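Asks: I'd like to ask you about the structure that follows.
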Amino acid sequence: MTITSGTNGSVINGYKGPLKLIKIETAPPVAEPQVEQPPPAVTLTPVTKPARRRIRVTHALRGAVTHEHTRTTARLAIRHGMYLAGGTRIVTRRAWDGRSAARYERMIRAMEAAGQHEEAKEWEERGRQFRAARHQRRMDLIAAAPRAAKSAGIAVASTEAGLLALGGIMAVASHDVADVIAPTMAVIEVIHWAVIIGSLVWGPMLVLGPWLVLLSLWDIGRRRQSAPQWTLPISQRDTDGAPITPSIVVTALRDLGIGSLKSAIKEMGDAGSAMLGPIAIAGCGVEVDVTLPSGVTTEEVQQRRKKLAENLARHEHELFITVPQAARTVRLWIADSGALDEPIGPSPLVSDATLTADYARGRAPWGQDLRGDAAAISLYQRHLLITGLSNQGKTAALRALALWLAHAPNVEFWIGDLKGIGDWRMFQGLASVLIEGPTDEHVIEVTEMLERGVAEMERRLMAPEGTKWKTLILTVDEAQLAFMCPAKEEWINDKGEVKYGAPYGGTKATSRYFMAARKIHNQGRAVDVLLWQGTQDPTDQNLPKLVREGAHVRASLVVGTESQAKMALGDKAVNGGAAPHLLRQGLDKGTLVVAGDGVELPAGQAAITIRTHYISTDEAAEIAERIKRSRSGVTTRTAADGAEPVDDLATIATVLGDEPRVRTQEVLQRLAAKNPSEYRGWTFGDLKAVLEAADAAPRKSDGVMVVDRQRVLAALADRDSD
């Protein structure tokens with residue numbers, strides 16, 4: 001401890017004198033453990049009366065504003081105000097449409113957007129006629145004013161003359177000259193009273209007229225439901241997206257507009273719930289079977305698909321109606337609201353680089369059905385037809401199947417792309433034949449490709465039992481161009497004259513493309529020579545009935561009408577609920593309705609709806625390059641060098657058959673039937689040149705030129721031994 005001292009003069013408590021100051025420094029005290037002190041007491045300030053009054057007013061205002069009655073009143077006011085505004089808008093638009101060509105312009109834009117150019121032209125002509133008639137009415141109105149004034153003057157003069165004549169007759173009868181103007185005065189008195197009555201009515205009409213107009217506008221807006229959904233009573237609000245319950249389904253069926261169905265539901269003790277099977281979750285929606293009461297047919301329900309969808313608070317494309325095996329039953333598949341507008345996942349061809357294909361036992365991954373399950377298709381010995389409107393995914397759907405099957409090394413492709421913009425160019429090096437182009441020359445080359453396919457089919461049919469061969473897939477995209485092609489075969493005869501033969505296109509038995517397709521459909525399946533075709537906008541002219549019915553698997557994208565849907569899928573499938581004509585153009589791209597035995601159909605259904613995986617052109621090129629690395633190289637022939645060498649002498653020996661001698665003219669006909677693309681234009685000189693070169697020249701027998709079978713076979717034997 002340190003002590004210091006000092007003095008100082010100070011006064012302390014009255015003492016005057018020196019003060020000795022002592023400073024004592026000590027060691028710091030030992031810290032004692034701190035004890036937690038209780039928090040200081042909160043002092044509550046009393047609330048004054050004005051403050052309490054303000055709090056009560058605030059709570060009262062808040063409660064009044066947020067009270068359900070206030071909200072209901074506000075919604076009521078806004079709703080009826082919007083009815084009035086909406087009715088005014090509707091009437092104004094109607095008036096504008098009636099006096100202008102806006103309606104026609106709107107329809108023209110809608111038709112052009114839908115690709116219906118003929119209908120657009122028709123609406124354009126209607127608009128032109130409307131404008132011409134409107135102009136004529138305006139001209140007539142301008143010229144009508146002078147005519148109306150003149151007519152009014154004549155009418156007044158004529159009326160007054162008649163009244164004076166009547167007054168004259170009355171004056172003669174009464175011997176009083178004053179009666180001459182009596183009729184005129186009577187008319188004046190009537191006019192006077194009419195003015196008095198009009199003046200009395202005019203005042204109230206000025207007051208009531210605007211209110212009547214407002215009432216009419218309000219009623220129009222109310223009937224058209226022009227108010228926002230949140231302002232409507234709960235019972236009137238759109239329940240779009242609400243879960244599907246038995247009561248909703250029964251109510252939707254009851255309000256469908258079928259009298260016998262409505263009466264039957266009312267008479268049921270359980271309010272119609274006995275009609276329904278279990279509501280099961282099925283993919284991105286639910287599925288329920290409805291057993292209809294006696295007197296109600298499945299067709300009546302199918303024909304009211306749009307109304308039933310709206311009763312279920314869904315869009316038309318979100319409801320699918322099919323007819324299962326059970327009698328008098330319809331199966332409803334109801335999508336979750338907006339679920340069908342969401343894309344599906346990528347194709348396994350894109351995501352799985354190790355994918356392989358088995359032609360005989362495998363199934364091609366094509367997409368998903370409406371339940372969300374994977375949809376796969378068997379291509380084994382099945383002819384295929386895909387149709388639909390333009391730019392809806394037809395080529396992509398067909399190409400996806402070809403890309404999957406190209407993984408199988410025992411499959412050969414001959415492809416004719418009559419669009420010619422490169423959609424199939426990635427098959428260069430995979431396909432043995434690839435023809436690309438939209439002209440008549442390309443159609444001729446594709447037709448000859450099919451005829452070579454027919455020749456290959458016949459060779460296989462005549463081959464010894466047990467012969468092995470590759471599966472041959474003849475693919476024609478935009479096949480409608482082949483059926484509509486006007487070109488005809490032509491050749492020059494011995495006299496130098498140009499002759500025309502059968503047409504390449506057409507829908508009759510004279511059409512070379514038609515007959516080649518029919519022959520492949522009839523017998524190609526047995527020897528694995530198959531025809532796949534893609535067409536657009538089917539009609540009887542660009543897709544003949546015999547050709548479309550020859551396909552084992554028929555698939556349709558969106559089409560324009562129900563009749564086209566029946567052409568694409570067949571009457572049975574459409575009558576059973578298949579409805580590609582109800583798909584949405586542009587929005588349902590890649591969605592196919594498929595009928596046939598290549599896909600697994602639910603029991604009792606004739607078709608299934610598949611949302612296909614989209615594989616872009618770049619992705620298809622990557623898949624094709626991957627396949628090329630795993631397969632031996634394929635030399636792709638185009639139409640220019642695509643014709644394989646033909647053994648003329650062997651073909652002549654084939655057409656001779658077992659007959660020892662055949663007339664030369666008959667040999668030419670048989671050669672043309674055997675291989676039209678090669679021998680259709682042959683003359684006697686061509687036949688003679690081939691046979692003379694083989695030392696088997698035609699000779700005369702009974703005065704006619706014939707071909708000797710023995711000499712031809714001997715020439716073949718000598719050539720083979722050489």
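Each chain in the structure tokens gets a letter, A, B and so on, in the order shown; residues start at 1 in every chain, and ligands are counted from 1 in the order they appear.
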Which residues come within 10 Å of A:Asp417, counting only C-alpha atoms, excluding same-chain residues fewer than 5 positions away, as an MDAnalysis selection string?
Replies: chainID A and resid 395 422:425 434:438 442:443 446 475:479 534
Asks: Export N, CA and C atoms of the chosen residues as a short mmCIF file (atom, residue, chain, number, x, y, z; two decimals), in the first residue's frame?
Replies:
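What follows is the written file out_28.cif:
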```cif
data_model
loop_
_atom_site.label_atom_id
_atom_site.label_comp_id
_atom_site.auth_asym_id
_atom_site.auth_seq_id
_atom_site.Cartn_x
_atom_site.Cartn_y
_atom_site.Cartn_z
N THR A 395 -44.35 -35.80 -89.01
CA THR A 395 -43.02 -36.29 -89.38
C THR A 395 -42.22 -36.70 -88.15
N GLY A 422 -35.13 -31.77 -95.44
CA GLY A 422 -34.10 -32.29 -94.56
C GLY A 422 -34.58 -32.98 -93.31
N ASP A 423 -35.88 -33.24 -93.20
CA ASP A 423 -36.40 -33.89 -91.99
C ASP A 423 -35.87 -35.31 -91.84
N TRP A 424 -35.49 -35.95 -92.96
CA TRP A 424 -35.01 -37.34 -92.92
C TRP A 424 -33.54 -37.45 -93.33
N ARG A 425 -32.85 -36.32 -93.42
CA ARG A 425 -31.48 -36.35 -93.94
C ARG A 425 -30.53 -37.08 -93.00
N LEU A 434 -32.65 -43.13 -100.08
CA LEU A 434 -33.19 -41.90 -99.51
C LEU A 434 -33.48 -40.92 -100.64
N ILE A 435 -34.77 -40.67 -100.87
CA ILE A 435 -35.21 -39.75 -101.92
C ILE A 435 -35.80 -38.52 -101.23
N GLU A 436 -35.34 -37.34 -101.62
CA GLU A 436 -35.81 -36.11 -100.98
C GLU A 436 -36.20 -35.10 -102.04
N GLY A 437 -37.45 -34.64 -101.98
CA GLY A 437 -37.90 -33.61 -102.91
C GLY A 437 -39.39 -33.68 -103.15
N PRO A 438 -40.02 -32.55 -103.49
CA PRO A 438 -41.48 -32.51 -103.62
C PRO A 438 -42.00 -32.53 -105.05
N HIS A 442 -39.62 -36.50 -108.27
CA HIS A 442 -39.38 -37.23 -107.01
C HIS A 442 -40.51 -38.23 -106.74
N VAL A 443 -41.75 -37.86 -107.09
CA VAL A 443 -42.87 -38.80 -106.93
C VAL A 443 -42.64 -40.02 -107.82
N VAL A 446 -40.08 -42.19 -106.15
CA VAL A 446 -40.65 -42.89 -104.99
C VAL A 446 -41.56 -44.03 -105.46
N THR A 475 -40.70 -46.33 -96.34
CA THR A 475 -41.28 -45.17 -95.66
C THR A 475 -41.51 -44.05 -96.67
N VAL A 476 -42.74 -43.56 -96.71
CA VAL A 476 -43.08 -42.44 -97.60
C VAL A 476 -43.72 -41.34 -96.75
N ASP A 477 -43.04 -40.23 -96.61
CA ASP A 477 -43.58 -39.08 -95.89
C ASP A 477 -44.19 -38.12 -96.89
N GLU A 478 -45.33 -37.50 -96.52
CA GLU A 478 -46.13 -36.65 -97.43
C GLU A 478 -46.64 -37.47 -98.61
N ALA A 479 -47.19 -38.64 -98.31
CA ALA A 479 -47.65 -39.55 -99.37
C ALA A 479 -48.81 -38.98 -100.17
N GLY A 534 -46.94 -41.35 -94.17
CA GLY A 534 -47.40 -40.17 -93.45
C GLY A 534 -48.07 -39.24 -94.44
#
```
Asks: Using only C-alpha atoms, which protein or nucleic acid residues come within 12 Å of stretch 456-465 of chain A? Drop anything in the same chain fewer than 4 positions from it, and give the result as an NGL selection string.
Replies: :A and (449-452 or 469-474 or 516-517 or 519-531 or 644 or 651 or 654 or 673-675)
Asks: Would you compute the distance between atom CA of A:Ala579 and atom CA of A:Pro346? Give it in Å to one decimal.
Replies: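 A separation of 25.6 Å between them.
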Asks: Just to confirm, what's the straight-line distance from atom CA of A:Lys266 to atom CA of A:Leu292 in Å (one decimal)?
Replies: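 One can read the atom CA of A:Lys266 to atom CA of A:Leu292 distance as 13.6 Å.
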Asks: Considering only C-alpha atoms, can you say which of A:Val190, A:His69, A:Ala152, A:Gln665 comes closest to A:Val704?
Replies: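 When distances to A:Val704 are compared using only C-alpha atoms, the smallest one comes from A:Gln665.
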Asks: Which residue out of A:Ile197, A:Leu208, A:Ala274, A:Leu256 has the minimum interatomic distance to A:Ala309 when only C-alpha atoms are used?
Replies: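 Among the listed residues, the smallest separation from A:Ala309 belongs to A:Leu256.
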Asks: Compile the contact shell of stretch 609-618 of chain A as a list in words: residues with an atom at most 6 Å away, counting only C-alpha atoms, same-chain residues fewer than 5 positions apart removed.
Replies: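 Close residues of stretch 609-618 of chain A: Pro346, Ser347, Trp366, Gly367, Gln368, Asp369, Gly590, Thr591, Leu592 and Val593 of chain A.
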Asks: Given the selection you just returned, output its residues as a file containing N, CA and C atoms, formatted as an mmCIF file, in the first residue's frame.
Replies:
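Saved the output as out.cif:
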```cif
data_model
loop_
_atom_site.group_PDB
_atom_site.id
_atom_site.type_symbol
_atom_site.label_atom_id
_atom_site.label_comp_id
_atom_site.auth_asym_id
_atom_site.auth_seq_id
_atom_site.Cartn_x
_atom_site.Cartn_y
_atom_site.Cartn_z
ATOM 1 N N PRO A 346 -38.531 -36.156 -71.907
ATOM 2 C CA PRO A 346 -37.853 -36.468 -73.169
ATOM 3 C C PRO A 346 -37.994 -37.935 -73.530
ATOM 4 N N SER A 347 -37.745 -38.234 -74.793
ATOM 5 C CA SER A 347 -37.834 -39.612 -75.268
ATOM 6 C C SER A 347 -36.668 -40.434 -74.739
ATOM 7 N N TRP A 366 -42.962 -44.500 -77.522
ATOM 8 C CA TRP A 366 -43.541 -43.472 -78.377
ATOM 9 C C TRP A 366 -44.008 -42.259 -77.578
ATOM 10 N N GLY A 367 -44.377 -42.436 -76.323
ATOM 11 C CA GLY A 367 -44.866 -41.307 -75.533
ATOM 12 C C GLY A 367 -45.562 -41.783 -74.281
ATOM 13 N N GLN A 368 -46.601 -41.052 -73.893
ATOM 14 C CA GLN A 368 -47.393 -41.382 -72.709
ATOM 15 C C GLN A 368 -48.871 -41.337 -73.059
ATOM 16 N N ASP A 369 -49.633 -42.257 -72.440
ATOM 17 C CA ASP A 369 -51.076 -42.166 -72.595
ATOM 18 C C ASP A 369 -51.624 -41.153 -71.594
ATOM 19 N N GLY A 590 -48.292 -33.178 -81.621
ATOM 20 C CA GLY A 590 -47.710 -34.446 -81.201
ATOM 21 C C GLY A 590 -48.662 -35.369 -80.474
ATOM 22 N N THR A 591 -49.909 -34.942 -80.242
ATOM 23 C CA THR A 591 -50.888 -35.816 -79.592
ATOM 24 C C THR A 591 -51.587 -36.646 -80.656
ATOM 25 N N LEU A 592 -51.488 -37.961 -80.519
ATOM 26 C CA LEU A 592 -52.015 -38.895 -81.511
ATOM 27 C C LEU A 592 -53.161 -39.705 -80.924
ATOM 28 N N VAL A 593 -54.160 -39.944 -81.740
ATOM 29 C CA VAL A 593 -55.187 -40.933 -81.416
ATOM 30 C C VAL A 593 -54.874 -42.156 -82.266
#
```
Asks: Applying 10 Å and only C-alpha atoms, which residues near A:Leu308 remain after dropping the ones on its own chain fewer than 6 positions away? List them as a VMD selection string.
Replies: chain A and resid 249 251 to 257 301 to 302 314 to 316 319 321
Asks: Given the selection you just returned, output its residues as a file containing N, CA, C and O atoms, formatted as a compact mmCIF listing (two decimals), in the first residue's frame.
Replies:
```txt
# COMPACT_ATOMS: atom_id res chain seq x y z
N VAL A 249 -70.16 -35.23 -60.73
CA VAL A 249 -70.39 -36.01 -61.95
C VAL A 249 -71.88 -36.20 -62.18
O VAL A 249 -72.38 -36.03 -63.31
N THR A 251 -74.37 -34.36 -61.08
CA THR A 251 -74.97 -33.07 -61.44
C THR A 251 -74.66 -32.71 -62.89
O THR A 251 -75.53 -32.20 -63.62
N ALA A 252 -73.43 -32.98 -63.33
CA ALA A 252 -73.06 -32.70 -64.72
C ALA A 252 -73.89 -33.53 -65.69
O ALA A 252 -74.33 -33.04 -66.74
N LEU A 253 -74.12 -34.79 -65.35
CA LEU A 253 -74.94 -35.65 -66.21
C LEU A 253 -76.40 -35.22 -66.18
O LEU A 253 -77.10 -35.24 -67.21
N ARG A 254 -76.88 -34.82 -65.02
CA ARG A 254 -78.27 -34.39 -64.90
C ARG A 254 -78.56 -33.16 -65.75
O ARG A 254 -79.63 -33.04 -66.37
N ASP A 255 -77.60 -32.24 -65.81
CA ASP A 255 -77.78 -30.99 -66.55
C ASP A 255 -77.29 -31.09 -67.99
O ASP A 255 -77.03 -30.07 -68.62
N LEU A 256 -77.19 -32.31 -68.50
CA LEU A 256 -76.64 -32.50 -69.84
C LEU A 256 -77.65 -32.18 -70.93
O LEU A 256 -77.28 -32.06 -72.10
N GLY A 257 -78.92 -32.07 -70.57
CA GLY A 257 -79.94 -31.77 -71.57
C GLY A 257 -80.60 -32.99 -72.17
O GLY A 257 -81.27 -32.89 -73.19
N VAL A 301 -74.57 -39.26 -75.03
CA VAL A 301 -73.60 -38.66 -74.12
C VAL A 301 -72.37 -38.21 -74.90
O VAL A 301 -71.83 -37.11 -74.67
N GLN A 302 -71.91 -39.03 -75.83
CA GLN A 302 -70.72 -38.67 -76.61
C GLN A 302 -70.95 -37.40 -77.43
O GLN A 302 -70.05 -36.58 -77.58
N ARG A 314 -64.46 -28.12 -66.74
CA ARG A 314 -63.26 -28.44 -67.51
C ARG A 314 -63.43 -27.92 -68.93
O ARG A 314 -64.54 -27.67 -69.39
N HIS A 315 -62.30 -27.81 -69.63
CA HIS A 315 -62.36 -27.50 -71.05
C HIS A 315 -62.67 -28.79 -71.82
O HIS A 315 -62.49 -29.90 -71.31
N GLU A 316 -63.10 -28.61 -73.07
CA GLU A 316 -63.52 -29.77 -73.85
C GLU A 316 -62.37 -30.76 -74.04
O GLU A 316 -62.57 -31.97 -74.00
N LEU A 319 -61.64 -33.61 -71.33
CA LEU A 319 -62.58 -34.71 -71.09
C LEU A 319 -62.54 -35.67 -72.27
O LEU A 319 -62.66 -35.25 -73.42
N ILE A 321 -64.29 -39.31 -73.63
CA ILE A 321 -65.40 -40.24 -73.43
C ILE A 321 -65.17 -41.45 -74.32
O ILE A 321 -65.06 -41.31 -75.55
```
Asks: Considering only C-alpha atoms, can you say which of A:Arg711, A:Arg548, A:Arg661, A:Arg53 comes closest to A:Ala697?
Replies: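 When distances to A:Ala697 are compared using only C-alpha atoms, the smallest one comes from A:Arg711.
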Asks: Using only C-alpha atoms, can you tell me which of A:Ala95, A:Gly560, A:Asp440, A:Ala694 comes closest to A:Lys419?
Replies: A:Asp440
Asks: Using only C-alpha atoms, determine which residues lie at most 12 Å from A:Leu217, disregarding the query and same-chain residues fewer than 6 positions distant; provide the list as a ChimeraX atom specification.
Replies: /A:80-92,210-211,223-224,226
Asks: Which distance in Å separates atom CA of A:Gly505 and atom CA of A:Gly453, to one decimal?
Replies: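 Taking atom CA of A:Gly505 and atom CA of A:Gly453, their separation equals 17.2 Å.
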Asks: Taking the backbone alone, and naming residues the way the document does, which bits of stretch 346-376 of chain A are strand (DSSP E or B) by DSSP, as number ranges by chain?
Replies: A: 364-369, 374-376
Asks: Just write the chosen residues, N, CA, C and O atoms, as a PDB file, in the first residue's frame.
Replies:
```
ATOM      1  N   ALA A 364     -41.539 -50.002 -79.421  1.00  0.00           N
ATOM      2  CA  ALA A 364     -40.913 -48.694 -79.556  1.00  0.00           C
ATOM      3  C   ALA A 364     -41.499 -47.724 -78.538  1.00  0.00           C
ATOM      4  O   ALA A 364     -42.722 -47.582 -78.448  1.00  0.00           O
ATOM      5  N   PRO A 365     -40.663 -47.028 -77.764  1.00  0.00           N
ATOM      6  CA  PRO A 365     -41.192 -46.000 -76.837  1.00  0.00           C
ATOM      7  C   PRO A 365     -41.669 -44.793 -77.641  1.00  0.00           C
ATOM      8  O   PRO A 365     -40.884 -44.139 -78.318  1.00  0.00           O
ATOM      9  N   TRP A 366     -42.962 -44.500 -77.522  1.00  0.00           N
ATOM     10  CA  TRP A 366     -43.541 -43.472 -78.377  1.00  0.00           C
ATOM     11  C   TRP A 366     -44.008 -42.259 -77.578  1.00  0.00           C
ATOM     12  O   TRP A 366     -44.078 -41.160 -78.099  1.00  0.00           O
ATOM     13  N   GLY A 367     -44.377 -42.436 -76.323  1.00  0.00           N
ATOM     14  CA  GLY A 367     -44.866 -41.307 -75.533  1.00  0.00           C
ATOM     15  C   GLY A 367     -45.562 -41.783 -74.281  1.00  0.00           C
ATOM     16  O   GLY A 367     -45.184 -42.789 -73.675  1.00  0.00           O
ATOM     17  N   GLN A 368     -46.601 -41.052 -73.893  1.00  0.00           N
ATOM     18  CA  GLN A 368     -47.393 -41.382 -72.709  1.00  0.00           C
ATOM     19  C   GLN A 368     -48.871 -41.337 -73.059  1.00  0.00           C
ATOM     20  O   GLN A 368     -49.306 -40.506 -73.861  1.00  0.00           O
ATOM     21  N   ASP A 369     -49.633 -42.257 -72.440  1.00  0.00           N
ATOM     22  CA  ASP A 369     -51.076 -42.166 -72.595  1.00  0.00           C
ATOM     23  C   ASP A 369     -51.624 -41.153 -71.594  1.00  0.00           C
ATOM     24  O   ASP A 369     -50.882 -40.539 -70.831  1.00  0.00           O
ATOM     25  N   ALA A 374     -46.264 -45.097 -69.737  1.00  0.00           N
ATOM     26  CA  ALA A 374     -45.496 -45.146 -70.978  1.00  0.00           C
ATOM     27  C   ALA A 374     -46.299 -45.869 -72.059  1.00  0.00           C
ATOM     28  O   ALA A 374     -46.875 -46.938 -71.820  1.00  0.00           O
ATOM     29  N   ALA A 375     -46.340 -45.280 -73.241  1.00  0.00           N
ATOM     30  CA  ALA A 375     -47.055 -45.868 -74.379  1.00  0.00           C
ATOM     31  C   ALA A 375     -46.028 -46.375 -75.383  1.00  0.00           C
ATOM     32  O   ALA A 375     -45.224 -45.606 -75.906  1.00  0.00           O
ATOM     33  N   ALA A 376     -46.049 -47.675 -75.615  1.00  0.00           N
ATOM     34  CA  ALA A 376     -45.109 -48.303 -76.546  1.00  0.00           C
ATOM     35  C   ALA A 376     -45.893 -49.043 -77.618  1.00  0.00           C
ATOM     36  O   ALA A 376     -47.023 -49.475 -77.397  1.00  0.00           O
TER      37      ALA A 376
END
```
Asks: From stretch 194-319 of chain A, collect each residue whose DSSP state is helix (DSSP H, G or I) and return the set as a ChimeraX atom specification.
Replies: /A:194-223,229-231,234-236,246-254,259-267,273-275,298-302,305-311,316-318
